[in-house]
Amino acid sequence: MAKLWAARFGKETDSTVNDFNSSISFDSRLYKEDITGSMAHAAMLGKQGIIENGETEKIIEGLKGILSDLESGKLQFSEEYEDVHMNIEQILTERIGDAGKRLHTARSRNDQVALDLRLYVKKEILAIKALVLEFMEALCASAEENLETVMPGYTHLQRAQPVTFGHYMMAYANMMKRDVVRLENCLEGMDDMPLGSTTYPIDRDFVRQQLGFSRVTDNSLDGVSDRDYCIELTSALSILMMHISRLSEEIIAWCSWEFKFVELDDAFSTGSSIMPQKKNPDVCELIRGKTGRVYGDLMTLLTMLKGIPLAYNKDLQEDKEAVFDAIDTAKQCLKVLTPMFSTMEILKDNMKKAALKGFINATDCADYLTKKGMPFRDAYRTVGQLVAQCVKEDKSLADLTLEEYKEYSEHFDADIYRAIDLGTCVAGRCVTGGPAPSEVERQIGVIRRFLEQRK
Ligand code: ARG
């Protein structure tokens, strides 16, 4: 079958070129956007008197029929036409005759694909954002339940200072908040309607309004060849994936016998085919693994674009698989992460036990001495010696008797035990950003207001 563009060709396209050139296997998912864009374009052509009103109606009715037949599965695309745009135009022409052939007036496939992809990305940004917001709700709910769940805070993966699980989860909620803002900025920056880079007396603003864009692109060469927004999206998604990969890594560690801070619900864990005792955090490992795919998608796009002259070049066809893959991957990960996280059991006692070991209240012990008048450097040394004794005797600071304390400094009194109690230590860290329950409650309030504004 001759191609729609084959008027000046004397030979059939070689079959290897056909396969190589074809994008229908992956751009078919743009069918809704393609039809919506064509309807707006047809309405504009009619309004401008470029085609007759009767033809506009025929086109729009024809496109509606194609849409519903595609959705019901009655209609499938054919490999014979290289992309979604040609498939739809061909089917339309078969169904409504000459009016179908007029749809392509004042439009190229290059504008069409530029428009379709933008419409698709706009829609998907909102879908991804909704999933991130849902996960943020889950983080807030968990933080609220764990305002007093003391656990060790780490630096260098060494126990450092006491924090709470609630405080920890709000760290991730803050990362997610920035991820949402990045997605919103991407959406705002790409909200330009690209269709209409021809010399016809078209009304681009009419099409813009029909399709719900904020602006029209201000330069036709840029409009058809700009894919910055794809890079911005995959970059925002790479950062988002990096964040949830970090959390996944934490959960993997926390599930191990070495930590035992959390237990995943059976519905979100997997077993081993050979070792019956195993319960594996495959979901977290896959999120961590799939993060690499999304980085790869970002690299694909950056590399694809860096050397192509204006305006459209066929290289740009390679944009879609990378964008689709990044979107699909991020959505898939978020969809499983939220329920896995919400059903995860928090083993508070084990967190507490870990917090009691490792001298994470040593700084508080030194602060105690400073408050009693000892210079901080001396206090630091004194507590260092106390810790050394405890390590030798396999004890924690709370296990030492007052007599033992007094051997190191006369400043120690019975109130030392209260001062180094983990609850006291956490409650005392009530500066903005700290782990004190009252402060974490405030942090939850900030995130909840952010969520509320987006409902
Ligand atoms: N399938 C193409 C793409 O995905 C559509 C535009 C092709 N334009 C052209 N003149 N060959 O980018």
# chains A, B, ... in the order shown; residues from 1 in each chain; ligands from 1
call {"tool": "residues_around", "arguments": {"residues": "range 56-61 of chain A", "least_positions_apart": "6", "cutoff": "10 Å", "atoms": "only C-alpha atoms", "output": "JSON, numbers by chain"}}
result
{"A": [35, 36, 38, 39, 40, 41, 42, 43, 44, 45, 46, 47, 50, 67, 92, 93, 95, 96, 97, 98, 99, 100, 101, 102, 103]}
call {"tool": "write_last_selection", "arguments": {"atoms": "N, CA and C atoms", "output": "PDB file, in the first residue's frame"}}
result
ATOM      1  N   ILE A  35      -6.506  12.360  18.727  1.00  0.00           N
ATOM      2  CA  ILE A  35      -7.891  12.626  18.311  1.00  0.00           C
ATOM      3  C   ILE A  35      -8.380  13.958  18.892  1.00  0.00           C
ATOM      4  N   THR A  36      -8.069  14.210  20.161  1.00  0.00           N
ATOM      5  CA  THR A  36      -8.473  15.481  20.778  1.00  0.00           C
ATOM      6  C   THR A  36      -7.872  16.657  20.014  1.00  0.00           C
ATOM      7  N   SER A  38      -6.858  16.694  16.909  1.00  0.00           N
ATOM      8  CA  SER A  38      -7.459  16.798  15.575  1.00  0.00           C
ATOM      9  C   SER A  38      -8.844  17.431  15.630  1.00  0.00           C
ATOM     10  N   MET A  39      -9.578  17.135  16.670  1.00  0.00           N
ATOM     11  CA  MET A  39     -10.914  17.734  16.785  1.00  0.00           C
ATOM     12  C   MET A  39     -10.804  19.256  16.926  1.00  0.00           C
ATOM     13  N   ALA A  40      -9.877  19.698  17.755  1.00  0.00           N
ATOM     14  CA  ALA A  40      -9.699  21.140  17.955  1.00  0.00           C
ATOM     15  C   ALA A  40      -9.231  21.787  16.647  1.00  0.00           C
ATOM     16  N   HIS A  41      -8.337  21.081  15.944  1.00  0.00           N
ATOM     17  CA  HIS A  41      -7.808  21.606  14.688  1.00  0.00           C
ATOM     18  C   HIS A  41      -8.931  21.713  13.653  1.00  0.00           C
ATOM     19  N   ALA A  42      -9.758  20.679  13.572  1.00  0.00           N
ATOM     20  CA  ALA A  42     -10.869  20.680  12.604  1.00  0.00           C
ATOM     21  C   ALA A  42     -11.852  21.811  12.926  1.00  0.00           C
ATOM     22  N   ALA A  43     -12.133  22.009  14.195  1.00  0.00           N
ATOM     23  CA  ALA A  43     -13.056  23.079  14.595  1.00  0.00           C
ATOM     24  C   ALA A  43     -12.491  24.432  14.171  1.00  0.00           C
ATOM     25  N   MET A  44     -11.189  24.584  14.344  1.00  0.00           N
ATOM     26  CA  MET A  44     -10.545  25.852  13.967  1.00  0.00           C
ATOM     27  C   MET A  44     -10.574  26.051  12.450  1.00  0.00           C
ATOM     28  N   LEU A  45     -10.296  24.976  11.694  1.00  0.00           N
ATOM     29  CA  LEU A  45     -10.316  25.091  10.227  1.00  0.00           C
ATOM     30  C   LEU A  45     -11.708  25.531   9.757  1.00  0.00           C
ATOM     31  N   GLY A  46     -12.741  24.997  10.396  1.00  0.00           N
ATOM     32  CA  GLY A  46     -14.114  25.362  10.047  1.00  0.00           C
ATOM     33  C   GLY A  46     -14.394  26.818  10.390  1.00  0.00           C
ATOM     34  N   LYS A  47     -14.019  27.201  11.581  1.00  0.00           N
ATOM     35  CA  LYS A  47     -14.256  28.567  12.052  1.00  0.00           C
ATOM     36  C   LYS A  47     -13.568  29.597  11.149  1.00  0.00           C
ATOM     37  N   ILE A  50     -11.525  27.699   6.340  1.00  0.00           N
ATOM     38  CA  ILE A  50     -10.538  26.980   5.533  1.00  0.00           C
ATOM     39  C   ILE A  50     -11.167  25.693   4.995  1.00  0.00           C
ATOM     40  N   LEU A  67     -12.554   7.058  18.189  1.00  0.00           N
ATOM     41  CA  LEU A  67     -12.178   7.008  19.610  1.00  0.00           C
ATOM     42  C   LEU A  67     -12.966   5.916  20.338  1.00  0.00           C
ATOM     43  N   LEU A  92      -9.929   7.519   9.306  1.00  0.00           N
ATOM     44  CA  LEU A  92     -10.932   8.578   9.156  1.00  0.00           C
ATOM     45  C   LEU A  92     -11.341   8.716   7.682  1.00  0.00           C
ATOM     46  N   THR A  93     -10.343   8.716   6.825  1.00  0.00           N
ATOM     47  CA  THR A  93     -10.631   8.872   5.399  1.00  0.00           C
ATOM     48  C   THR A  93     -11.433   7.681   4.865  1.00  0.00           C
ATOM     49  N   ARG A  95     -13.504   6.050   6.519  1.00  0.00           N
ATOM     50  CA  ARG A  95     -14.861   6.121   7.047  1.00  0.00           C
ATOM     51  C   ARG A  95     -15.674   7.288   6.491  1.00  0.00           C
ATOM     52  N   ILE A  96     -15.036   8.457   6.285  1.00  0.00           N
ATOM     53  CA  ILE A  96     -15.848   9.629   5.899  1.00  0.00           C
ATOM     54  C   ILE A  96     -15.483  10.198   4.525  1.00  0.00           C
ATOM     55  N   GLY A  97     -14.531   9.577   3.853  1.00  0.00           N
ATOM     56  CA  GLY A  97     -14.193  10.033   2.503  1.00  0.00           C
ATOM     57  C   GLY A  97     -13.359  11.306   2.489  1.00  0.00           C
ATOM     58  N   ASP A  98     -13.593  12.151   1.483  1.00  0.00           N
ATOM     59  CA  ASP A  98     -12.737  13.314   1.225  1.00  0.00           C
ATOM     60  C   ASP A  98     -12.556  14.275   2.400  1.00  0.00           C
ATOM     61  N   ALA A  99     -13.590  14.429   3.198  1.00  0.00           N
ATOM     62  CA  ALA A  99     -13.470  15.347   4.342  1.00  0.00           C
ATOM     63  C   ALA A  99     -12.292  14.932   5.221  1.00  0.00           C
ATOM     64  N   GLY A 100     -12.054  13.631   5.325  1.00  0.00           N
ATOM     65  CA  GLY A 100     -10.943  13.114   6.136  1.00  0.00           C
ATOM     66  C   GLY A 100      -9.605  13.605   5.612  1.00  0.00           C
ATOM     67  N   LYS A 101      -9.529  13.713   4.276  1.00  0.00           N
ATOM     68  CA  LYS A 101      -8.272  14.152   3.663  1.00  0.00           C
ATOM     69  C   LYS A 101      -8.007  15.636   3.923  1.00  0.00           C
ATOM     70  N   ARG A 102      -9.079  16.379   4.241  1.00  0.00           N
ATOM     71  CA  ARG A 102      -8.890  17.826   4.467  1.00  0.00           C
ATOM     72  C   ARG A 102      -8.372  18.147   5.866  1.00  0.00           C
ATOM     73  N   LEU A 103      -8.456  17.166   6.755  1.00  0.00           N
ATOM     74  CA  LEU A 103      -8.048  17.429   8.144  1.00  0.00           C
ATOM     75  C   LEU A 103      -6.593  17.878   8.242  1.00  0.00           C
TER      76      LEU A 103
END
call {"tool": "residues_near_ligand", "arguments": {"ligand": "ligand 1", "cutoff": "10 Å", "atoms": "only C-alpha atoms and all ligand atoms", "output": "PyMOL selection string"}}
result
chain A and resi 5+21-24+26-27+82-86+108-114+116-117+224-225+312-321
call {"tool": "closest_residue", "arguments": {"among": "A:Gly37, A:Gly166, A:Gly373, A:Gly189", "to": "Glu232 in chain A", "atoms": "only C-alpha atoms"}}
result
A:Gly189
call {"tool": "closest_residue", "arguments": {"among": "A:Ile360, A:Asp228, A:Ala143, A:Asp282", "to": "Leu305 in chain A", "atoms": "only C-alpha atoms"}}
result
A:Asp228
call {"tool": "residues_around", "arguments": {"residues": "range 156-164 of chain A", "least_positions_apart": "6", "cutoff": "9 Å", "atoms": "only C-alpha atoms", "output": "ChimeraX atom specification"}}
result
/A:143,146-150,354-355,357-363,422-423,425-426,429,434-437
call {"tool": "residues_around", "arguments": {"residues": "range 400-417 of chain A", "least_positions_apart": "4", "cutoff": "9 Å", "atoms": "only C-alpha atoms", "output": "ChimeraX atom specification"}}
result
/A:365,368-369,372-374,382-383,385-386,390,395-396,421
call {"tool": "residues_around", "arguments": {"residues": "range 239-252 of chain A", "least_positions_apart": "3", "cutoff": "7 Å", "atoms": "only C-alpha atoms", "output": "MDAnalysis selection string"}}
result
chainID A and resid 175 179 235:236 255:256 281 284:285 287:288 291 330
call {"tool": "decode", "arguments": {"residues": "range 281-343 of chain A", "atoms": "C-alpha atoms", "output": "PDB file, in the first residue's frame"}}
result
ATOM      1  CA  PRO A 281      11.845  -7.166  50.441  1.00  0.00           C
ATOM      2  CA  ASP A 282      11.713  -7.616  46.648  1.00  0.00           C
ATOM      3  CA  VAL A 283       9.437  -4.616  46.163  1.00  0.00           C
ATOM      4  CA  CYS A 284      12.006  -2.290  47.720  1.00  0.00           C
ATOM      5  CA  GLU A 285      14.826  -3.882  45.762  1.00  0.00           C
ATOM      6  CA  LEU A 286      12.907  -3.417  42.530  1.00  0.00           C
ATOM      7  CA  ILE A 287      12.218   0.234  43.283  1.00  0.00           C
ATOM      8  CA  ARG A 288      15.938   0.667  43.927  1.00  0.00           C
ATOM      9  CA  GLY A 289      16.749  -1.192  40.712  1.00  0.00           C
ATOM     10  CA  LYS A 290      14.206   0.611  38.566  1.00  0.00           C
ATOM     11  CA  THR A 291      15.661   3.962  39.594  1.00  0.00           C
ATOM     12  CA  GLY A 292      18.498   3.192  37.177  1.00  0.00           C
ATOM     13  CA  ARG A 293      16.039   2.809  34.304  1.00  0.00           C
ATOM     14  CA  VAL A 294      14.663   6.275  34.872  1.00  0.00           C
ATOM     15  CA  TYR A 295      18.165   7.778  35.004  1.00  0.00           C
ATOM     16  CA  GLY A 296      18.772   5.945  31.709  1.00  0.00           C
ATOM     17  CA  ASP A 297      15.663   7.548  30.196  1.00  0.00           C
ATOM     18  CA  LEU A 298      16.949  10.980  31.185  1.00  0.00           C
ATOM     19  CA  MET A 299      20.335  10.220  29.600  1.00  0.00           C
ATOM     20  CA  THR A 300      18.625   8.962  26.423  1.00  0.00           C
ATOM     21  CA  LEU A 301      16.791  12.248  26.012  1.00  0.00           C
ATOM     22  CA  LEU A 302      19.746  14.489  26.793  1.00  0.00           C
ATOM     23  CA  THR A 303      21.920  12.582  24.352  1.00  0.00           C
ATOM     24  CA  MET A 304      19.243  12.383  21.670  1.00  0.00           C
ATOM     25  CA  LEU A 305      18.776  16.144  21.653  1.00  0.00           C
ATOM     26  CA  LYS A 306      22.272  17.462  21.994  1.00  0.00           C
ATOM     27  CA  GLY A 307      23.283  17.262  18.341  1.00  0.00           C
ATOM     28  CA  ILE A 308      20.176  17.848  16.252  1.00  0.00           C
ATOM     29  CA  PRO A 309      19.707  21.018  14.211  1.00  0.00           C
ATOM     30  CA  LEU A 310      16.372  22.839  14.021  1.00  0.00           C
ATOM     31  CA  ALA A 311      13.653  21.997  13.496  1.00  0.00           C
ATOM     32  CA  TYR A 312      12.168  18.467  13.431  1.00  0.00           C
ATOM     33  CA  ASN A 313      14.483  15.505  12.853  1.00  0.00           C
ATOM     34  CA  LYS A 314      13.479  11.881  13.000  1.00  0.00           C
ATOM     35  CA  ASP A 315      15.763  11.403  16.003  1.00  0.00           C
ATOM     36  CA  LEU A 316      12.926  13.008  17.932  1.00  0.00           C
ATOM     37  CA  GLN A 317      10.836   9.883  17.439  1.00  0.00           C
ATOM     38  CA  GLU A 318      13.132   8.312  20.027  1.00  0.00           C
ATOM     39  CA  ASP A 319      11.767  10.642  22.705  1.00  0.00           C
ATOM     40  CA  LYS A 320       8.588   8.692  23.285  1.00  0.00           C
ATOM     41  CA  GLU A 321       9.855   5.369  24.560  1.00  0.00           C
ATOM     42  CA  ALA A 322      12.100   7.106  27.076  1.00  0.00           C
ATOM     43  CA  VAL A 323       9.332   9.403  28.299  1.00  0.00           C
ATOM     44  CA  PHE A 324       6.786   6.580  28.475  1.00  0.00           C
ATOM     45  CA  ASP A 325       9.194   4.299  30.289  1.00  0.00           C
ATOM     46  CA  ALA A 326      10.058   6.934  32.900  1.00  0.00           C
ATOM     47  CA  ILE A 327       6.373   7.714  33.471  1.00  0.00           C
ATOM     48  CA  ASP A 328       5.327   4.053  33.626  1.00  0.00           C
ATOM     49  CA  THR A 329       8.170   3.144  35.954  1.00  0.00           C
ATOM     50  CA  ALA A 330       7.579   5.993  38.395  1.00  0.00           C
ATOM     51  CA  LYS A 331       3.842   5.284  38.515  1.00  0.00           C
ATOM     52  CA  GLN A 332       4.337   1.568  38.972  1.00  0.00           C
ATOM     53  CA  CYS A 333       6.770   2.143  41.837  1.00  0.00           C
ATOM     54  CA  LEU A 334       4.565   4.684  43.620  1.00  0.00           C
ATOM     55  CA  LYS A 335       1.492   2.473  43.262  1.00  0.00           C
ATOM     56  CA  VAL A 336       3.158  -0.377  45.117  1.00  0.00           C
ATOM     57  CA  LEU A 337       5.199   1.736  47.525  1.00  0.00           C
ATOM     58  CA  THR A 338       2.257   3.414  49.290  1.00  0.00           C
ATOM     59  CA  PRO A 339       0.345   0.262  50.281  1.00  0.00           C
ATOM     60  CA  MET A 340       3.571  -1.570  51.110  1.00  0.00           C
ATOM     61  CA  PHE A 341       4.605   1.275  53.366  1.00  0.00           C
ATOM     62  CA  SER A 342       1.194   1.688  55.004  1.00  0.00           C
ATOM     63  CA  THR A 343       0.941  -2.000  55.916  1.00  0.00           C
TER      64      THR A 343
END
